[in-house]
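Pasted below: coords_35.cif, mmCIF, C-alpha atoms and all ligand atoms.
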data_start
#
loop_
_atom_site.label_atom_id
_atom_site.label_comp_id
_atom_site.auth_asym_id
_atom_site.auth_seq_id
_atom_site.Cartn_x
_atom_site.Cartn_y
_atom_site.Cartn_z
CA MET A 508 152.16 79.35 85.81
CA THR A 509 153.43 79.72 82.26
CA LEU A 510 155.94 77.27 80.78
CA PHE A 511 158.52 80.03 80.91
CA ASP A 512 157.92 80.59 84.63
CA PHE A 513 158.09 76.87 85.19
CA LEU A 514 161.46 76.60 83.44
CA GLN A 515 162.76 79.61 85.33
CA ARG A 516 161.82 77.95 88.59
CA LEU A 517 163.22 74.61 87.52
CA LEU A 518 166.51 76.30 86.80
CA GLY A 519 166.36 77.99 90.17
CA ARG A 520 166.40 81.43 88.57
CA GLN A 521 163.12 82.58 90.01
CA LYS A 522 161.47 82.11 93.37
CA PRO A 523 157.83 81.10 93.44
CA SER A 524 155.65 84.22 93.67
CA GLY A 525 154.09 83.07 96.95
CA THR A 526 157.53 83.05 98.58
CA MET A 527 158.26 86.49 97.16
CA ALA A 528 154.92 87.72 98.51
CA LYS A 529 155.81 86.52 101.99
CA GLU A 530 159.24 88.12 101.96
CA ARG A 531 157.92 91.42 100.64
CA LEU A 532 155.13 91.45 103.20
CA GLN A 533 157.44 90.75 106.11
CA LEU A 534 159.59 93.68 105.11
CA VAL A 535 156.78 96.14 104.50
CA LEU A 536 154.97 95.15 107.69
CA ALA A 537 158.08 95.61 109.79
CA HIS A 538 158.13 99.17 108.52
CA ASP A 539 154.37 99.68 108.90
CA ARG A 540 154.48 98.46 112.46
CA SER A 541 157.47 100.55 113.50
CA ASP A 542 156.41 103.65 111.58
CA LEU A 543 159.94 103.94 110.20
CA ASN A 544 160.04 104.63 106.50
CA PRO A 545 162.82 103.14 104.35
CA GLU A 546 164.56 106.52 104.11
CA LEU A 547 164.81 106.94 107.88
CA LEU A 548 165.94 103.35 108.24
CA GLU A 549 168.69 103.90 105.66
CA GLN A 550 169.86 107.00 107.51
CA MET A 551 169.87 105.09 110.78
CA ARG A 552 171.78 102.26 109.13
CA ARG A 553 174.46 104.63 107.89
CA GLU A 554 174.83 106.28 111.27
CA ILE A 555 175.04 102.97 113.11
CA LEU A 556 177.71 101.73 110.71
CA GLU A 557 179.63 104.98 111.15
CA VAL A 558 179.71 104.64 114.91
CA VAL A 559 180.60 100.96 114.85
CA GLN A 560 183.36 101.63 112.35
CA ARG A 561 185.17 103.87 114.78
CA TYR A 562 185.75 100.89 117.04
CA VAL A 563 186.08 97.92 114.72
CA GLU A 564 186.80 97.44 111.07
CA ILE A 565 183.71 96.13 109.42
CA ASP A 566 182.83 95.08 105.94
CA ILE A 567 180.52 97.90 104.87
CA GLU A 568 179.16 95.93 101.95
CA GLU A 569 178.27 93.00 104.17
CA GLY A 570 176.95 95.15 106.99
CA ASP A 571 173.23 94.72 107.37
CA VAL A 572 170.90 96.64 109.64
CA SER A 573 167.26 95.78 109.23
CA LEU A 574 163.92 95.50 110.91
CA GLU A 575 162.69 92.02 111.52
CA THR A 576 159.37 91.00 112.84
CA GLU A 577 158.02 87.90 114.47
CA ASP A 578 154.79 87.42 116.37
CA ARG A 579 153.97 91.09 115.94
CA VAL A 580 157.17 92.13 117.73
CA THR A 581 159.56 94.14 115.62
CA ALA A 582 163.28 94.19 116.35
CA LEU A 583 166.16 96.15 114.96
CA VAL A 584 168.70 93.56 113.92
CA ALA A 585 172.27 94.46 112.99
CA ASN A 586 174.53 91.89 111.43
CA LEU A 587 178.00 93.40 111.07
CA PRO A 588 180.88 91.04 110.23
CA ILE A 589 183.95 92.36 112.03
CA LYS A 590 187.26 92.17 110.21
CA ARG A 591 189.37 93.23 113.21
CA ALA A 592 189.46 95.66 116.04
CA ARG A 593 190.95 99.08 115.39
CA PRO A 594 194.45 99.73 116.72
CA LEU A 595 194.48 101.47 120.04
CA PRO A 596 195.33 105.04 118.90
CA ALA A 597 192.47 104.96 116.43
CA LEU A 598 190.21 103.87 119.24
CA VAL A 599 191.33 106.82 121.34
CA ALA A 600 190.58 109.12 118.43
CA ALA A 601 187.18 107.52 117.98
CA ALA A 602 186.38 107.96 121.62
CA ALA A 603 187.52 111.56 121.46
CA ALA A 604 185.32 112.17 118.44
CA VAL A 605 182.28 111.23 120.47
CA GLY A 606 183.55 113.22 123.46
CA MET A 607 184.51 110.29 125.68
CA ALA A 608 188.12 111.30 126.20
CA GLN A 609 190.23 114.43 125.86
CA ALA A 610 190.32 115.64 122.30
CA PRO A 611 193.68 115.12 120.62
CA ASP A 612 195.88 118.19 120.41
CA PRO A 613 195.33 119.68 116.94
CA GLU A 614 198.93 120.92 116.97
CA ALA A 615 200.39 117.42 117.19
CA PRO A 616 198.22 115.05 115.16
CA GLN A 617 201.17 112.89 114.00
CA GLU A 618 201.70 111.58 117.48
CA LEU A 619 198.39 109.80 117.51
CA ALA A 620 198.80 107.88 114.28
CA LEU A 621 202.51 107.22 114.45
CA PRO A 622 203.17 103.60 115.40
CA LEU A 623 200.72 101.61 113.32
CA ALA A 624 200.44 102.56 109.68
CA CYS A 625 198.53 99.55 108.45
CA GLU A 626 195.27 101.39 107.75
CA PRO A 627 193.85 101.27 104.26
CA ALA A 628 194.68 104.19 101.96
CA GLU A 629 191.30 105.91 102.22
CA ASP A 630 191.47 105.97 106.01
CA PRO A 631 191.33 109.61 107.10
CA SER A 632 194.55 109.19 109.05
CA PRO A 633 196.24 112.44 110.00
CA ALA A 634 199.67 110.77 109.75
CA ASP A 635 202.19 112.56 107.64
CA PRO A 636 205.10 110.58 106.16
CA ASP A 637 207.47 113.49 106.84
CA MET B 328 114.23 80.07 119.94
CA ASP B 329 116.44 79.36 122.91
CA ALA B 330 115.19 79.82 126.43
CA VAL B 331 116.23 83.11 127.97
CA THR B 332 119.86 82.91 129.00
CA SER B 333 121.77 85.24 131.26
CA ALA B 334 125.06 84.98 129.40
CA PRO B 335 125.97 88.28 127.75
CA ALA B 336 125.78 88.40 123.98
CA ARG B 337 128.90 87.79 121.92
CA ILE B 338 129.46 91.02 120.02
CA ILE B 339 131.74 90.30 117.06
CA LEU B 340 133.10 92.80 114.56
CA ILE B 341 133.68 91.40 111.06
CA CYS B 342 136.40 93.57 109.52
CA SER B 343 139.28 93.51 107.04
CA GLY B 344 140.72 96.91 106.25
CA LYS B 345 140.62 96.27 102.52
CA GLY B 346 137.30 96.26 100.70
CA GLY B 347 135.89 93.37 98.69
CA VAL B 348 137.58 90.56 100.60
CA GLY B 349 134.35 88.96 101.85
CA LYS B 350 133.19 90.69 105.05
CA THR B 351 129.53 91.00 104.08
CA THR B 352 129.41 87.49 102.62
CA LEU B 353 130.89 86.11 105.84
CA THR B 354 128.49 88.11 108.02
CA ALA B 355 125.44 86.87 106.11
CA ASN B 356 126.53 83.23 106.04
CA LEU B 357 127.71 83.17 109.62
CA GLY B 358 124.49 84.85 110.74
CA ILE B 359 122.37 82.15 109.12
CA ALA B 360 124.64 79.35 110.33
CA LEU B 361 124.58 80.54 113.95
CA ALA B 362 120.82 80.98 113.82
CA ARG B 363 120.48 77.42 112.52
CA LEU B 364 122.43 76.23 115.53
CA GLY B 365 119.78 77.79 117.74
CA GLU B 366 121.56 81.02 118.57
CA ARG B 367 119.50 84.21 118.59
CA THR B 368 121.54 86.24 116.13
CA VAL B 369 121.36 89.85 114.97
CA VAL B 370 123.46 91.05 112.06
CA LEU B 371 124.08 94.76 112.02
CA ASP B 372 125.04 96.60 108.87
CA ALA B 373 127.62 99.17 109.98
CA ASP B 374 128.69 99.89 106.41
CA PHE B 375 126.46 102.94 106.15
CA GLY B 376 128.18 104.24 103.06
CA LEU B 377 127.86 101.08 100.97
CA ARG B 378 125.20 98.95 102.60
CA ASN B 379 124.83 95.48 101.12
CA LEU B 380 124.02 93.09 103.92
CA ASP B 381 120.27 93.39 103.21
CA LEU B 382 120.86 92.35 99.61
CA LEU B 383 122.98 89.33 100.48
CA LEU B 384 120.32 88.13 102.90
CA GLY B 385 117.51 88.75 100.41
CA LEU B 386 115.85 91.20 102.81
CA GLU B 387 116.18 94.38 100.76
CA ASN B 388 112.44 94.68 100.09
CA ARG B 389 111.38 94.29 103.68
CA ILE B 390 113.17 97.24 105.22
CA VAL B 391 110.91 99.83 106.82
CA TYR B 392 113.05 101.42 109.50
CA THR B 393 116.80 101.44 110.05
CA ALA B 394 119.37 102.06 112.77
CA GLN B 395 118.94 105.74 112.05
CA GLU B 396 115.30 105.88 113.22
CA VAL B 397 116.12 103.75 116.24
CA LEU B 398 118.83 106.20 117.28
CA ALA B 399 116.53 109.16 116.65
CA GLU B 400 113.88 107.35 118.71
CA THR B 401 111.30 107.70 115.97
CA CYS B 402 110.76 103.93 116.06
CA ARG B 403 111.28 101.04 118.45
CA LEU B 404 114.13 98.59 117.93
CA ASP B 405 111.79 95.68 117.21
CA GLN B 406 110.15 97.71 114.45
CA ALA B 407 113.48 98.20 112.73
CA LEU B 408 114.75 94.62 113.08
CA VAL B 409 113.97 92.59 109.95
CA LYS B 410 113.37 88.97 110.82
CA HIS B 411 114.52 86.39 108.28
CA LYS B 412 111.54 84.38 106.99
CA GLN B 413 113.16 80.97 106.72
CA GLU B 414 115.42 81.46 109.71
CA PRO B 415 113.48 83.25 112.44
CA ASN B 416 116.45 83.16 114.84
CA LEU B 417 118.13 85.70 112.59
CA ALA B 418 117.33 89.40 112.33
CA LEU B 419 118.95 92.23 110.42
CA LEU B 420 119.33 95.77 111.69
CA PRO B 421 119.68 97.72 108.42
CA ALA B 422 122.05 100.61 107.91
CA GLY B 423 120.51 104.03 107.62
CA ASN B 424 121.09 106.72 105.09
CA PRO B 425 124.74 107.25 104.04
CA ARG B 426 124.45 110.76 105.49
CA MET B 427 124.48 109.10 108.93
CA LEU B 428 128.24 109.04 108.54
CA GLU B 429 128.28 112.80 109.10
CA TRP B 430 126.93 112.70 112.63
CA LEU B 431 127.30 109.13 113.92
CA THR B 432 129.62 108.81 116.94
CA PRO B 433 131.21 105.79 118.64
CA GLU B 434 128.76 106.37 121.52
CA ASP B 435 125.82 106.07 119.10
CA MET B 436 127.14 102.72 117.92
CA GLN B 437 127.70 101.52 121.47
CA ARG B 438 124.16 102.54 122.38
CA ILE B 439 122.49 100.75 119.51
CA VAL B 440 124.62 97.61 119.87
CA ALA B 441 123.82 97.47 123.58
CA MET B 442 120.10 97.59 122.74
CA VAL B 443 120.46 94.79 120.20
CA ALA B 444 122.63 92.71 122.52
CA GLU B 445 119.87 92.55 125.12
CA ARG B 446 117.87 90.24 122.92
CA ALA B 447 120.61 88.22 121.24
CA ASP B 448 123.20 85.53 121.80
CA PHE B 449 125.33 86.75 118.92
CA VAL B 450 125.62 90.22 117.39
CA LEU B 451 127.65 90.35 114.18
CA ILE B 452 128.73 93.80 112.99
CA ASP B 453 129.49 94.10 109.27
CA CYS B 454 132.26 96.69 109.28
CA PRO B 455 132.99 99.13 106.46
CA ALA B 456 136.35 98.96 104.67
CA GLY B 457 139.09 101.34 105.69
CA ILE B 458 140.41 102.40 109.08
CA GLU B 459 138.67 105.76 109.35
CA ASP B 460 135.58 106.86 111.30
CA GLY B 461 133.31 104.09 110.02
CA PHE B 462 135.72 101.47 111.31
CA LYS B 463 136.34 103.32 114.57
CA ASN B 464 132.61 103.64 115.28
CA ALA B 465 132.02 99.96 114.62
CA ALA B 466 135.07 98.85 116.60
CA ALA B 467 133.97 100.93 119.60
CA ALA B 468 130.88 98.77 119.96
CA ALA B 469 132.55 95.36 119.57
CA ARG B 470 133.95 93.04 122.21
CA GLU B 471 135.70 90.62 119.88
CA ALA B 472 136.57 90.55 116.20
CA ILE B 473 137.05 88.37 113.18
CA VAL B 474 139.54 89.75 110.68
CA ILE B 475 138.99 88.37 107.21
CA THR B 476 141.65 88.48 104.51
CA THR B 477 142.57 86.85 101.23
CA PRO B 478 146.04 85.39 100.60
CA GLU B 479 147.17 88.50 98.75
CA VAL B 480 149.79 91.04 99.75
CA SER B 481 147.53 94.10 99.83
CA ALA B 482 144.76 92.38 101.80
CA VAL B 483 147.21 90.96 104.34
CA ARG B 484 148.93 94.30 104.78
CA ASP B 485 145.61 96.06 105.40
CA ALA B 486 144.54 93.30 107.78
CA ASP B 487 147.73 93.91 109.75
CA ARG B 488 146.85 97.58 110.17
CA VAL B 489 143.40 96.68 111.42
CA ILE B 490 144.77 94.10 113.86
CA GLY B 491 147.10 96.74 115.31
CA LEU B 492 144.16 99.10 115.83
CA LEU B 493 142.00 96.38 117.40
CA ASN B 494 144.83 95.49 119.78
CA THR B 495 145.21 99.06 120.97
CA ARG B 496 141.45 99.26 121.47
CA GLY B 497 141.41 96.17 123.65
CA VAL B 498 139.13 94.17 121.36
CA THR B 499 139.76 90.51 122.19
CA PRO B 500 139.89 87.80 121.04
CA VAL B 501 140.75 88.66 117.45
CA GLN B 502 140.56 85.67 115.14
CA LEU B 503 141.35 85.19 111.47
CA VAL B 504 139.36 83.94 108.49
CA LEU B 505 141.29 83.28 105.30
CA ASN B 506 138.99 83.66 102.29
CA ARG B 507 139.16 82.82 98.59
CA VAL B 508 141.86 80.21 99.03
CA ARG B 509 142.96 78.48 95.82
CA PRO B 510 144.46 75.18 96.95
CA ARG B 511 146.19 74.46 93.66
CA MET B 512 147.95 77.82 93.53
CA MET B 513 148.95 77.43 97.17
CA ALA B 514 150.32 73.96 96.60
CA SER B 515 152.53 75.26 93.79
CA GLN B 516 153.56 78.18 96.01
CA GLU B 517 152.16 80.73 93.61
CA MET B 518 150.03 82.12 96.42
CA LEU B 519 150.72 82.94 100.06
CA GLY B 520 150.23 79.76 102.06
CA VAL B 521 147.92 79.30 105.03
CA ASP B 522 150.89 79.13 107.41
CA ASP B 523 152.47 82.16 105.78
CA VAL B 524 149.41 84.28 106.53
CA THR B 525 148.90 83.02 110.08
CA ASP B 526 152.64 83.46 110.80
CA ILE B 527 152.65 87.00 109.51
CA LEU B 528 149.45 88.12 111.22
CA ALA B 529 150.00 85.99 114.34
CA LEU B 530 146.30 85.29 114.85
CA PRO B 531 144.46 82.04 115.49
CA LEU B 532 142.70 80.78 112.39
CA VAL B 533 138.98 80.34 112.99
CA GLY B 534 138.19 79.40 109.41
CA LEU B 535 139.34 78.93 105.87
CA VAL B 536 137.03 79.44 102.89
CA VAL B 537 138.07 78.30 99.44
CA GLU B 538 137.30 80.19 96.26
CA ASP B 539 133.85 78.90 95.35
CA GLU B 540 131.58 79.86 92.44
CA GLN B 541 128.57 78.98 94.56
CA VAL B 542 129.22 82.11 96.60
CA ILE B 543 128.38 84.21 93.56
CA VAL B 544 125.32 82.14 92.69
CA SER B 545 123.96 82.46 96.22
CA THR B 546 124.61 86.20 96.22
CA ASN B 547 122.63 86.54 92.99
CA ARG B 548 119.69 84.80 94.65
CA GLY B 549 119.89 86.59 97.97
CA GLU B 550 120.11 83.24 99.72
CA PRO B 551 123.27 82.67 101.74
CA LEU B 552 124.91 79.30 101.12
CA THR B 553 124.36 78.24 104.71
CA LEU B 554 120.59 78.55 104.27
CA ASN B 555 119.90 75.49 102.13
CA GLY B 556 122.32 73.04 103.64
CA ASN B 557 124.12 73.39 100.32
CA GLY B 558 127.06 71.00 100.37
CA SER B 559 129.44 73.34 98.58
CA PRO B 560 132.91 73.75 100.10
CA ALA B 561 132.28 77.38 101.09
CA ALA B 562 128.98 76.49 102.79
CA LYS B 563 130.74 73.86 104.91
CA ALA B 564 133.48 76.33 105.75
CA TYR B 565 131.00 78.94 107.01
CA GLN B 566 129.15 76.33 109.06
CA ASN B 567 132.42 75.22 110.63
CA ILE B 568 133.28 78.80 111.57
CA ALA B 569 129.92 79.10 113.34
CA ARG B 570 130.55 75.90 115.27
CA ARG B 571 134.09 76.93 116.23
CA LEU B 572 132.77 80.26 117.51
CA ARG B 573 130.49 78.30 119.84
CA GLY B 574 133.50 76.48 121.20
CA GLU B 575 133.44 73.27 119.21
CA ASP B 576 136.88 71.89 118.52
CA ILE B 577 136.98 71.38 114.75
CA PRO B 578 140.46 71.44 113.25
CA VAL B 579 140.99 73.77 110.29
CA GLU B 580 142.22 71.78 107.33
CA ASP B 581 144.68 73.26 104.90
CA PRO B 582 143.34 72.18 101.47
CA SER B 583 146.68 72.77 99.78
CA LYS B 584 148.30 70.22 102.09
CA ALA B 585 145.48 67.74 101.63
CA ARG B 586 146.25 67.81 97.92
CA LYS B 587 149.91 67.18 98.56
CA GLY B 588 149.04 64.31 100.85
CA LEU B 589 146.93 62.72 98.17
CA ARG B 590 149.66 63.02 95.60
CA ALA B 591 152.25 61.66 97.98
CA ARG B 592 150.03 58.70 98.79
CA LEU B 593 149.54 58.03 95.10
CA MET B 594 153.29 58.19 94.46
CA ASN B 595 153.85 55.81 97.34
CA LYS B 596 151.42 53.36 95.87
CA ILE B 597 153.07 53.52 92.46
CA ARG B 598 156.44 53.07 94.10
CA LYS B 599 155.27 50.00 95.97
CA THR B 600 153.44 48.35 93.09
CA THR B 601 156.08 48.92 90.45
CA GLY B 602 159.13 48.58 92.62
CA LEU B 603 160.61 51.49 90.67
CA PHE B 604 162.60 54.38 92.24
N1 LIG A 701 134.91 82.38 98.96
C1 LIG A 701 134.54 83.12 97.91
N2 LIG A 701 134.53 82.58 96.67
C2 LIG A 701 134.16 83.32 95.60
N3 LIG A 701 133.77 84.59 95.66
C3 LIG A 701 133.76 85.20 96.85
C4 LIG A 701 134.14 84.50 98.04
N4 LIG A 701 134.01 85.36 99.08
C5 LIG A 701 133.58 86.54 98.58
N5 LIG A 701 133.42 86.46 97.23
C6 LIG A 701 132.98 87.54 96.34
O1 LIG A 701 133.81 88.67 96.55
C7 LIG A 701 133.06 89.87 96.40
C8 LIG A 701 133.21 90.76 97.61
O2 LIG A 701 132.60 90.16 98.73
P1 LIG A 701 131.93 91.01 99.91
O3 LIG A 701 131.45 90.04 100.92
O4 LIG A 701 130.93 91.97 99.37
O5 LIG A 701 133.21 91.79 100.43
P2 LIG A 701 133.31 93.03 101.45
O6 LIG A 701 132.06 93.06 102.26
O7 LIG A 701 134.53 92.71 102.25
O8 LIG A 701 133.49 94.24 100.61
C9 LIG A 701 131.64 89.46 96.12
O9 LIG A 701 131.40 89.54 94.75
C10 LIG A 701 131.60 88.02 96.60
O10 LIG A 701 130.64 87.28 95.91
MG MG A 702 130.69 94.75 102.49
#
So, in terms of structure tokens, how does the structure I just supplied come out?
Amino acid sequence: MTLFDFLQRLLGRQKPSGTMAKERLQLVLAHDRSDLNPELLEQMRREILEVVQRYVEIDIEEGDVSLETEDRVTALVANLPIKRARPLPALVAAAAAVGMAQAPDPEAPQELALPLACEPAEDPSPADPD
Amino acid sequence: MDAVTSAPARIILICSGKGGVGKTTLTANLGIALARLGERTVVLDADFGLRNLDLLLGLENRIVYTAQEVLAETCRLDQALVKHKQEPNLALLPAGNPRMLEWLTPEDMQRIVAMVAERADFVLIDCPAGIEDGFKNAAAAAREAIVITTPEVSAVRDADRVIGLLNTRGVTPVQLVLNRVRPRMMASQEMLGVDDVTDILALPLVGLVVEDEQVIVSTNRGEPLTLNGNGSPAAKAYQNIARRLRGEDIPVEDPSKARKGLRARLMNKIRKTTGLF
């Protein structure tokens, strides 16, 4: 360990390399063992978040889907902090989108999003202020 | 030599995935150590591409026949086995020509190991690196395995692959040897710790060998460390592995923790005598 490394560690800026080795290994082995490459995992993560988001509002930045491994058993672990449940009409739309209920009438989209207009701006709400 | 026993031979594969982590050194030292404990032991060089076991045992000039001639039935097994001069309980079955790799099958390995096992208490198979045909052939003939690794990310990752393959092949038990341990680096957490490696690989630890210059010296001479009752740390470690394999209950000590313990004891003493902090 160089003096510089020592100071970095003393100041808590750098983890010891043995700890880093363990963390990196645990991650890479979880992938090795499950035969899922990081790209596929990222795609799966995005799709899981998409589905969950239809039902509850989650913090995308905080949302974490990862492979964890213990005793040679690998598990898919999702940690998704929920802000709040979606209002009911949005839930109906979400269910419809996955084919669980009748699809909303494309001629009358306003009806669905009428009562509760508290969604964030970027929400793809079909509501029209008119 | 032991009286004839009816117990079947222990057939142990020594493997690692990664090359250069200490398989051949372990096989040679363990072979001598087991023989010294009275076990009839045969070490089999299954690393046909890069054979070295003969050299580590100092037997390279005494090879007449190899596994190749035994399989081709151009010689008898006892003609091919090279008995160790100082340790007659140990014999080496040398690897044949590297071109054996082109035709050798798992059944060939099973056949030759079965022949060897008839006259031994322990058969140690020095496995080639990698997870391809050489490994598969050797693994097909083994009942149990020792996976050896160093506390480094690449070696541990490769060991994990091998453990997965051994599990699917039904080789059991699979035990772990951690080699080239540097206690000081471990204590300062600049190296994967003993617990880190056993946690990650989830295998029982059958031995721990520290980094030891004497290993190189003994390799130069062609005399395994376990041969001369050499008191070096690695020699003791290999002897302990042999005894654990025979069922003796010898705890594996973590040298990085022993160091900590010593320091802590010293600090305690200073604290008590000075009354400071
Ligand atoms: N505990 C140890 N301390 C120091 N050097 C070691 C130790 N174990 C193995 N080595 C050295 O590492 C090198 C590779 O060992 P070897 O047994 O040939 O590995 P493998 O058969 O896995 O390829 C050799 O030069 C050997 O002397
Ligand atoms: Mg070797």
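For ligand MG 702 (chain A), the protein and nucleic acid residues at most 8 Å away, judged by only C-alpha atoms and all ligand atoms, amount to B:Gly346, B:Gly347, B:Gly349, B:Lys350, B:Thr351, B:Thr352, B:Asp374, B:Leu377, B:Arg378, B:Asn379, B:Leu380, B:Asp453, B:Cys454, B:Pro455, B:Ala456.
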field: At most 7 Å to chain B: residues in chain A, all atoms listed in the file, as a PyMOL selection string
entry: chain A and resi 523-526+528-529+532-533+536+578-579
query: Which protein, DNA or RNA residues have an atom within 10 Å of ligand LIG 701 (chain A), counting all atoms listed in the file, as a PyMOL selection string?
result: chain B and resi 341-356+374+377-380+383+453-456+475-477+505-509+535-547+560-562+564-565
Could you write out the selected residues, including C-alpha atoms, as a compact mmCIF listing (two decimals), keeping the file's coordinate frame?
# COMPACT_ATOMS: atom_id res chain seq x y z
CA ILE B 341 133.68 91.40 111.06
CA CYS B 342 136.40 93.57 109.52
CA SER B 343 139.28 93.51 107.04
CA GLY B 344 140.72 96.91 106.25
CA LYS B 345 140.62 96.27 102.52
CA GLY B 346 137.30 96.26 100.70
CA GLY B 347 135.89 93.37 98.69
CA VAL B 348 137.58 90.56 100.60
CA GLY B 349 134.35 88.96 101.85
CA LYS B 350 133.19 90.69 105.05
CA THR B 351 129.53 91.00 104.08
CA THR B 352 129.41 87.49 102.62
CA LEU B 353 130.89 86.11 105.84
CA THR B 354 128.49 88.11 108.02
CA ALA B 355 125.44 86.87 106.11
CA ASN B 356 126.53 83.23 106.04
CA ASP B 374 128.69 99.89 106.41
CA LEU B 377 127.86 101.08 100.97
CA ARG B 378 125.20 98.95 102.60
CA ASN B 379 124.83 95.48 101.12
CA LEU B 380 124.02 93.09 103.92
CA LEU B 383 122.98 89.33 100.48
CA ASP B 453 129.49 94.10 109.27
CA CYS B 454 132.26 96.69 109.28
CA PRO B 455 132.99 99.13 106.46
CA ALA B 456 136.35 98.96 104.67
CA ILE B 475 138.99 88.37 107.21
CA THR B 476 141.65 88.48 104.51
CA THR B 477 142.57 86.85 101.23
CA LEU B 505 141.29 83.28 105.30
CA ASN B 506 138.99 83.66 102.29
CA ARG B 507 139.16 82.82 98.59
CA VAL B 508 141.86 80.21 99.03
CA ARG B 509 142.96 78.48 95.82
CA LEU B 535 139.34 78.93 105.87
CA VAL B 536 137.03 79.44 102.89
CA VAL B 537 138.07 78.30 99.44
CA GLU B 538 137.30 80.19 96.26
CA ASP B 539 133.85 78.90 95.35
CA GLU B 540 131.58 79.86 92.44
CA GLN B 541 128.57 78.98 94.56
CA VAL B 542 129.22 82.11 96.60
CA ILE B 543 128.38 84.21 93.56
CA VAL B 544 125.32 82.14 92.69
CA SER B 545 123.96 82.46 96.22
CA THR B 546 124.61 86.20 96.22
CA ASN B 547 122.63 86.54 92.99
CA PRO B 560 132.91 73.75 100.10
CA ALA B 561 132.28 77.38 101.09
CA ALA B 562 128.98 76.49 102.79
CA ALA B 564 133.48 76.33 105.75
CA TYR B 565 131.00 78.94 107.01
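Using all atoms listed in the file for every distance, the candidate list B:Ala418, B:Leu493, B:Leu572, B:Val579 yields B:Ala418 as the residue closest to B:Leu371.
Put simply, atom CA of A:Arg553 is 24.4 Å away from atom CA of A:Glu577.
Computed from the coordinates, the atom CA of B:Thr393 to atom CA of B:Pro421 distance equals 5.0 Å.
The space between atom CA of A:Asp571 and atom CA of A:Asp542 spans 19.5 Å.
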- request: Excluding stretch 468-474 of chain B and any residue of its chain fewer than 4 positions from it, enumerate the residues within 7 Å of it, using all atoms listed in the file, and give them as a count of residues only.
  value: 18
field: Among the residues A:Leu583, A:Val572, A:Ala601, A:Met527, the one that comes closest to A:Gln560 [using only C-alpha atoms]
entry: A:Ala601
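With all atoms listed in the file taken into account, the protein and nucleic acid residues at most 8 Å from B:Leu404 (excluding it and anything under 3 positions from it in its own chain) are Val397, Ala407, Leu408, Met442 and Val443 of chain B.
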- prompt: Can you find the residues with an atom no farther than 9 Å from (125.1, 107.7, 108.9), counting only C-alpha atoms, and report them as a ChimeraX atom specification?
  reply: /B:373-376,394-395,422-431
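Shortest atom-to-atom contact with B:Leu384 among B:Arg548, B:Lys584, B:Arg363, B:Arg446: B:Arg548, counting only C-alpha atoms.
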Which residues are close to A:Ile589, i.e. within 9 Å by all atoms listed in the file, leaving aside same-chain residues fewer than 6 positions away? Reply as a JSON list (two decimals) with C-alpha atoms, keeping the file's coordinate frame.
[["chain", "number", "residue", "atom", "x", "y", "z"],
["A", 563, "VAL", "CA", 186.08, 97.92, 114.72],
["A", 564, "GLU", "CA", 186.80, 97.44, 111.07],
["A", 565, "ILE", "CA", 183.71, 96.13, 109.42],
["A", 566, "ASP", "CA", 182.83, 95.08, 105.94]]
- line: Restricting to all atoms listed in the file, whichever of B:Val450, B:Glu396, B:Gln406, B:Asp381 is closest to B:Thr368 is B:Val450
